Structures are given as structure tokens and as C-alpha cells.
Amino acid sequence: MGFKCGIVGLPNVGKSTLFNALTQTAAAQAANYPFCTIEPNVGDVAVPDPRLDILAKIAHSGQILPTRLTFVDIAGLVRGASRGEGLGNQFLANIRECDAIAHVVRCFEDGDVTHVDGQIAPVNDIETIETELMLADLESLEKRAAALEKKAKGADKEAKETLELMNRALVLLREGKPARLVEVKPEEQKAFNMLGLMSAKPVLYVCNVEEASASEGNALSAQVFERAKQEGARAVVVSAKIESEIAVLPPEEQKDYLEAIELEEPGLNRVIREGYALLDLVTYFTIGPKEARAWTITKGTRAPQAAGVIHTDFEKGFIRAETIAYEDYVKHNGETGAREAGRFRLEGKDYVVIDGDVLHFRFAN
């Protein structure tokens, strides 16, 4: 199960520098000019989770396999992208393929790094990108509406339901509001997602600040956090420059570097965790002497579907899920102790997996 988070933003805000640090590669070209990234770069990153290391230590696991999240570095958008400006159509198509958006916003002053609009105004930058996404969505829906209306006039129930969702989105988009504000019932969510609206995707604002503000942020990042609060989005502070320096250090030197600049952890850990939470994802674990492994599922997933993430046969032949809560596994020092303490459970097909569950699936071949 793959989850993609697209890194977007105006040119020269630090997107590619951030991506390079995330993937610890130089796959994305970081340069001080627009459109240095012509094709999207894709990188899988491990989701930091201290629980996995603790579980592995208890079980004496031979291998540790964290769950992963995919980040896509998408070239810088500019005003007019919805009309094809600056290779806009190609880049917008790349965004459509992502599950969420990590919007990198420049929150630092540096005369050596040009800003495409000639001024540092993070909220304006956010509005520029969001406007282009909304305009592209508006054009897309208006093009499809006429054909769908013809189908809806007949007996096509699916067309009527889709048209209803489209009209709800169109009302907001014409008012200059993103499609993620559309009220969608749970049973409508799948059909709504099929519309492929970019402004409907959840957003994480990544405030790229100067090194001195990497811990607490600055006045510019505070503006972004306020904006995120107003629209129910998430925000995180990071210094892409610091992260790029940490990324090339050996693991044993990274801790010393962080302590020297008074940071508890790399800012990228926060970016990854926030991106994971943004997608409404949770983690369950399979633990044994051979390996300790984390698995990604969406919140609300039932046990058979969670088993299917490992292998489709597990879902098809699902019988029971042997379940121990993370806290119980740790408190009682593993599976045997949890069993003896009565904290071992057998759950059926209707069980909704909880973040941190340690699971073993029984299934029929």
C-alpha cells in the first residue's frame, strides 16, 4: 500500500533541498533558478517510530523494518500554472497523483536567493499556489459537467450522484474556496476522491526557516501557522539547510551535531510524522525473532483488510487476529507475559485495528 505526499511550492523555496535531505540522496537538483526540477523525483523514507525499536529489543528481533512514506518532489509552480505557464500542466498532473500535499513555504530572508515575486510574503505564496490549484480544479469540473448532465438526465444513478458532488465543489471553487471544504458524507468519499481535485487534498505547510529559527520558528512561520489553524491544516517548522547538512553525516555524528545546535531531533522527523498523520494513517506491528516490522493502514481499517496489506491471501482466508496492545506488550515484556497477564486477545473480522497493535494473523490457506 503506497501513500504519496507531493512536495510543492514556488521556485526557490527549498523544495529540492528538503527532498534531498528526506531521501538522503542528491537525486533532485537543488539550484537557485526556477524549473531546475523538470521531472518529479520520488523517494521512499522510513517513518520514525521509537516503538518499533522497543518492540524489537523485547523480542530480540534479527531485523527491523519500519513502515515507509513516499515523497514526490514536484517542480516549482508559478502564477499562471493552471493555464500552462512554467510547464504548469505537467506539474499539476503530478500533483493529482499524490494523496496529500507538503507545501514548502519560504520563511527566511536571504538576498543571495531570489524570490520569484521579489518579496518574502509566505501567506501570499500560499495563496498563489492555492489559487492555481483551485483554477485548475474549476476548469476540470466545468469541462466534465456538460457531459455528466446529459447522463444525469437519464436513469444513470451514478452520474447523478457524481454531478451532485461536482456541483458542491463548483460552488466553493467559484467563491475562491478550496474543494477540501466540501462537506462529504462517508459513503460519498470514494466518489468524491475519484473527481481528482487537487484543492481537495490535505495540506501540510512546511515552513523553511533560517538556521537560527529551526527550533521555534520565526515571525514569518508564525503567519503560516495561523493560516493553517484557520483552515484546519497542519504546519511544521524546518530548516532545509540544516537538514541537508545532517543528511550527509554518518549516523553516529548526527546526534552530536543536533546537540551542538540544540535540536532534539532532525526537523525532517517532524515532517515525516506530520505527513503520515495528515494522510490519517496508523501503524500496526508484526513482531518475532526473525523481524520486527511496522505496517501502514488508514485509520478505521478492519482486521481482514489490515492483514491484506501483508498479503492478499491473509485477507481472503482471514480467521482471527491475535492482538496485543503496544502498552501491554511492553509492560509485560513480550507476548508470553501478555498472555499470562490476560492481555492477549483474539479479534474477528469486525475488529478495527488500533494504532500500535501488535498482531499475528490466523488464516486458512
# chains A, B, ... in the order shown; residues from 1 in each chain; ligands from 1
>>> residues_around(residues="Ser215 in chain A", least_positions_apart="2", cutoff="9 Å", atoms="only C-alpha atoms", output="CSV table (one decimal) with N, CA, C and O atoms, in the first residue's frame")
chain,number,residue,atom,x,y,z
A,211,GLU,N,18.7,28.9,9.9
A,211,GLU,CA,19.2,28.0,10.9
A,211,GLU,C,18.8,28.4,12.3
A,211,GLU,O,18.5,27.6,13.1
A,212,ALA,N,18.9,29.7,12.6
A,212,ALA,CA,18.7,30.2,14.0
A,212,ALA,C,17.3,30.0,14.4
A,212,ALA,O,17.0,30.0,15.7
A,213,SER,N,16.3,29.8,13.5
A,213,SER,CA,14.9,29.6,13.9
A,213,SER,C,14.4,28.2,13.7
A,213,SER,O,13.2,27.9,13.8
A,217,GLY,N,10.9,28.5,15.2
A,217,GLY,CA,10.3,29.2,14.1
A,217,GLY,C,10.6,30.7,14.2
A,217,GLY,O,11.3,31.2,15.1
A,237,VAL,N,7.8,23.5,11.3
A,237,VAL,CA,9.0,24.3,11.1
A,237,VAL,C,10.2,23.4,10.8
A,237,VAL,O,10.4,22.4,11.5
A,238,VAL,N,11.0,23.8,9.8
A,238,VAL,CA,12.2,23.0,9.4
A,238,VAL,C,13.2,24.0,8.8
A,238,VAL,O,12.8,24.9,8.1
A,239,SER,N,14.4,23.7,8.9
A,239,SER,CA,15.5,24.5,8.2
A,239,SER,C,16.1,23.5,7.2
A,239,SER,O,16.8,22.6,7.6
A,262,GLU,N,21.4,22.5,19.5
A,262,GLU,CA,20.3,22.5,20.5
A,262,GLU,C,18.9,22.0,19.9
A,262,GLU,O,17.9,22.6,20.1
A,263,LEU,N,19.0,21.0,19.0
A,263,LEU,CA,17.8,20.4,18.5
A,263,LEU,C,17.7,19.0,19.0
A,263,LEU,O,18.6,18.2,19.1
A,264,GLU,N,16.4,18.6,19.4
A,264,GLU,CA,16.2,17.2,19.9
A,264,GLU,C,16.3,16.2,18.9
A,264,GLU,O,16.6,15.0,19.1
A,267,GLY,N,14.5,18.0,12.0
A,267,GLY,CA,13.2,18.5,11.7
A,267,GLY,C,12.4,17.7,10.7
A,267,GLY,O,11.2,17.6,10.7
>>> closest_atom_pairs(of="range 78-194 of chain A", to="range 274-286 of chain A", cutoff="9 Å", atoms="only C-alpha atoms", output="CSV")
residue,atom,partner,partner_atom,distance
A:Asp99,CA,A:Leu279,CA,7.3
A:Ala100,CA,A:Leu279,CA,6.7
A:Ile101,CA,A:Gly275,CA,8.5
A:Ala102,CA,A:Gly275,CA,7.4
>>> atom_distance(atom1="CA of Met198 in chain A", atom2="CA of Arg174 in chain A")
15.0 Å
>>> residues_around(residues="range 342-357 of chain A", least_positions_apart="3", cutoff="8 Å", atoms="only C-alpha atoms", output="list of chain:residue names")
A:Val282, A:Thr283, A:Tyr284, A:Phe285, A:Lys299, A:Gly300, A:Thr301, A:Arg302, A:Ala303, A:Pro304, A:Ala306, A:Phe318, A:Ile319, A:Arg320, A:Ala321, A:Glu322, A:Thr323, A:Ile324, A:Ala325, A:Tyr326, A:Asp328, A:Glu335, A:Ala338, A:Arg339
>>> write_last_selection(atoms="N, CA, C and O atoms", output="mmCIF file, in the first residue's frame")
data_model
loop_
_atom_site.group_PDB
_atom_site.id
_atom_site.type_symbol
_atom_site.label_atom_id
_atom_site.label_comp_id
_atom_site.auth_asym_id
_atom_site.auth_seq_id
_atom_site.Cartn_x
_atom_site.Cartn_y
_atom_site.Cartn_z
ATOM 1 N N VAL A 282 -2.256 5.033 10.366
ATOM 2 C CA VAL A 282 -1.834 4.479 11.653
ATOM 3 C C VAL A 282 -0.917 3.287 11.378
ATOM 4 O O VAL A 282 -0.822 2.801 10.247
ATOM 5 N N THR A 283 -0.269 2.823 12.425
ATOM 6 C CA THR A 283 0.716 1.742 12.303
ATOM 7 C C THR A 283 0.330 0.565 13.183
ATOM 8 O O THR A 283 -0.093 0.742 14.324
ATOM 9 N N TYR A 284 0.488 -0.651 12.619
ATOM 10 C CA TYR A 284 0.444 -1.833 13.479
ATOM 11 C C TYR A 284 1.745 -2.598 13.272
ATOM 12 O O TYR A 284 2.491 -2.349 12.310
ATOM 13 N N PHE A 285 2.040 -3.517 14.195
ATOM 14 C CA PHE A 285 3.329 -4.194 14.172
ATOM 15 C C PHE A 285 3.165 -5.711 14.107
ATOM 16 O O PHE A 285 2.215 -6.273 14.665
ATOM 17 N N LYS A 299 -6.614 4.899 9.168
ATOM 18 C CA LYS A 299 -7.374 4.834 10.411
ATOM 19 C C LYS A 299 -8.768 4.284 10.129
ATOM 20 O O LYS A 299 -9.427 4.673 9.170
ATOM 21 N N GLY A 300 -9.226 3.348 10.959
ATOM 22 C CA GLY A 300 -10.544 2.758 10.764
ATOM 23 C C GLY A 300 -10.527 1.450 9.998
ATOM 24 O O GLY A 300 -11.576 0.836 9.785
ATOM 25 N N THR A 301 -9.336 0.979 9.597
ATOM 26 C CA THR A 301 -9.227 -0.281 8.848
ATOM 27 C C THR A 301 -9.550 -1.471 9.747
ATOM 28 O O THR A 301 -9.090 -1.553 10.879
ATOM 29 N N ARG A 302 -10.334 -2.401 9.218
ATOM 30 C CA ARG A 302 -10.674 -3.616 9.974
ATOM 31 C C ARG A 302 -9.593 -4.679 9.791
ATOM 32 O O ARG A 302 -8.793 -4.623 8.862
ATOM 33 N N ALA A 303 -9.601 -5.648 10.692
ATOM 34 C CA ALA A 303 -8.528 -6.638 10.752
ATOM 35 C C ALA A 303 -8.267 -7.370 9.424
ATOM 36 O O ALA A 303 -7.106 -7.498 9.025
ATOM 37 N N PRO A 304 -9.291 -7.864 8.703
ATOM 38 C CA PRO A 304 -9.001 -8.584 7.447
ATOM 39 C C PRO A 304 -8.271 -7.714 6.427
ATOM 40 O O PRO A 304 -7.353 -8.174 5.741
ATOM 41 N N ALA A 306 -6.422 -5.100 7.121
ATOM 42 C CA ALA A 306 -5.075 -4.868 7.646
ATOM 43 C C ALA A 306 -4.175 -6.055 7.306
ATOM 44 O O ALA A 306 -3.008 -5.877 6.936
ATOM 45 N N PHE A 318 -8.816 -14.921 6.041
ATOM 46 C CA PHE A 318 -8.755 -14.424 7.424
ATOM 47 C C PHE A 318 -9.664 -15.214 8.359
ATOM 48 O O PHE A 318 -10.831 -15.466 8.066
ATOM 49 N N ILE A 319 -9.105 -15.600 9.517
ATOM 50 C CA ILE A 319 -9.884 -16.291 10.562
ATOM 51 C C ILE A 319 -9.942 -15.433 11.822
ATOM 52 O O ILE A 319 -11.011 -15.054 12.291
ATOM 53 N N ARG A 320 -8.786 -15.116 12.369
ATOM 54 C CA ARG A 320 -8.692 -14.329 13.594
ATOM 55 C C ARG A 320 -7.412 -13.499 13.582
ATOM 56 O O ARG A 320 -6.457 -13.808 12.885
ATOM 57 N N ALA A 321 -7.408 -12.460 14.419
ATOM 58 C CA ALA A 321 -6.196 -11.675 14.628
ATOM 59 C C ALA A 321 -5.793 -11.798 16.088
ATOM 60 O O ALA A 321 -6.554 -11.416 16.983
ATOM 61 N N GLU A 322 -4.630 -12.384 16.335
ATOM 62 C CA GLU A 322 -4.093 -12.430 17.685
ATOM 63 C C GLU A 322 -3.563 -11.026 17.996
ATOM 64 O O GLU A 322 -2.695 -10.515 17.292
ATOM 65 N N THR A 323 -4.080 -10.415 19.040
ATOM 66 C CA THR A 323 -3.862 -8.982 19.264
ATOM 67 C C THR A 323 -3.347 -8.676 20.667
ATOM 68 O O THR A 323 -3.884 -9.175 21.658
ATOM 69 N N ILE A 324 -2.296 -7.847 20.706
ATOM 70 C CA ILE A 324 -1.775 -7.329 21.974
ATOM 71 C C ILE A 324 -1.547 -5.830 21.778
ATOM 72 O O ILE A 324 -0.887 -5.423 20.821
ATOM 73 N N ALA A 325 -2.083 -5.006 22.655
ATOM 74 C CA ALA A 325 -1.842 -3.566 22.579
ATOM 75 C C ALA A 325 -0.367 -3.287 22.845
ATOM 76 O O ALA A 325 0.277 -4.009 23.626
ATOM 77 N N TYR A 326 0.171 -2.279 22.210
ATOM 78 C CA TYR A 326 1.596 -1.944 22.372
ATOM 79 C C TYR A 326 1.967 -1.783 23.839
ATOM 80 O O TYR A 326 2.978 -2.344 24.308
ATOM 81 N N ASP A 328 0.629 -3.023 26.478
ATOM 82 C CA ASP A 328 0.603 -4.309 27.184
ATOM 83 C C ASP A 328 1.820 -5.171 26.813
ATOM 84 O O ASP A 328 2.382 -5.869 27.651
ATOM 85 N N GLU A 335 5.118 -11.246 24.261
ATOM 86 C CA GLU A 335 3.886 -12.000 24.047
ATOM 87 C C GLU A 335 3.561 -12.949 25.197
ATOM 88 O O GLU A 335 2.419 -13.017 25.656
ATOM 89 N N ALA A 338 2.299 -11.072 28.179
ATOM 90 C CA ALA A 338 0.979 -10.506 27.908
ATOM 91 C C ALA A 338 -0.097 -11.584 27.989
ATOM 92 O O ALA A 338 -1.202 -11.356 28.504
ATOM 93 N N ARG A 339 0.221 -12.773 27.490
ATOM 94 C CA ARG A 339 -0.727 -13.907 27.579
ATOM 95 C C ARG A 339 -1.014 -14.244 29.044
ATOM 96 O O ARG A 339 -2.161 -14.403 29.448
#
>>> select_by_dssp(residues="range 64-206 of chain A", states="alpha helix (DSSP H)", output="MDAnalysis selection string")
chainID A and resid 88:96 122:153 157:174 189:193
>>> closest_residue(among="A:Gln63, A:Ser16, A:Asn365, A:Ser140", to="Leu197 in chain A", atoms="only C-alpha atoms")
A:Ser140
>>> residues_around(residues="range 150-158 of chain A", least_positions_apart="5", cutoff="12 Å", atoms="only C-alpha atoms", output="list in words")
Arg144, Ala145, Leu163, Glu164, Leu165, Glu188, Ala191 and Phe192 of chain A
>>> write_last_selection(atoms="N, CA, C and O atoms", output="short mmCIF file (atom, residue, chain, number, x, y, z; two decimals), in the first residue's frame")
data_model
loop_
_atom_site.label_atom_id
_atom_site.label_comp_id
_atom_site.auth_asym_id
_atom_site.auth_seq_id
_atom_site.Cartn_x
_atom_site.Cartn_y
_atom_site.Cartn_z
N ARG A 144 -16.09 18.77 -17.53
CA ARG A 144 -16.78 17.48 -17.39
C ARG A 144 -18.28 17.62 -17.12
O ARG A 144 -19.03 16.68 -17.33
N ALA A 145 -18.70 18.78 -16.64
CA ALA A 145 -20.07 18.95 -16.18
C ALA A 145 -21.11 18.72 -17.28
O ALA A 145 -22.12 18.05 -17.06
N LEU A 163 -22.54 14.17 -10.24
CA LEU A 163 -22.86 15.55 -10.59
C LEU A 163 -23.18 16.38 -9.35
O LEU A 163 -22.78 17.54 -9.24
N GLU A 164 -23.86 15.76 -8.39
CA GLU A 164 -24.19 16.44 -7.14
C GLU A 164 -22.91 16.84 -6.40
O GLU A 164 -22.77 17.95 -5.90
N LEU A 165 -21.94 15.93 -6.35
CA LEU A 165 -20.67 16.21 -5.70
C LEU A 165 -19.91 17.30 -6.45
O LEU A 165 -19.33 18.21 -5.84
N GLU A 188 -19.91 8.90 0.52
CA GLU A 188 -19.62 9.64 -0.72
C GLU A 188 -18.13 9.84 -0.95
O GLU A 188 -17.73 10.28 -2.03
N ALA A 191 -16.38 8.33 -4.15
CA ALA A 191 -16.77 9.01 -5.39
C ALA A 191 -16.16 10.40 -5.47
O ALA A 191 -15.74 10.84 -6.55
N PHE A 192 -16.09 11.08 -4.33
CA PHE A 192 -15.50 12.42 -4.30
C PHE A 192 -14.02 12.36 -4.64
O PHE A 192 -13.51 13.19 -5.40
#
>>> residues_around(residues="Ala46 in chain A", least_positions_apart="4", cutoff="6 Å", atoms="only C-alpha atoms", output="ChimeraX atom specification")
/A:66-68
>>> write_last_selection(atoms="C-alpha atoms", output="PDB file, in the first residue's frame")
ATOM      1  CA  PRO A  66       9.955   0.434   9.569  1.00  0.00           C
ATOM      2  CA  THR A  67       6.917   1.500   7.596  1.00  0.00           C
ATOM      3  CA  ARG A  68       7.539   3.948   4.763  1.00  0.00           C
TER       4      ARG A  68
END
>>> atom_distance(atom1="CA of Ile58 in chain A", atom2="CA of Phe363 in chain A")
25.8 Å
>>> residues_around(residues="Leu170 in chain A", least_positions_apart="3", cutoff="8 Å", atoms="only C-alpha atoms", output="ChimeraX atom specification")
/A:138,141,166-167,173-174
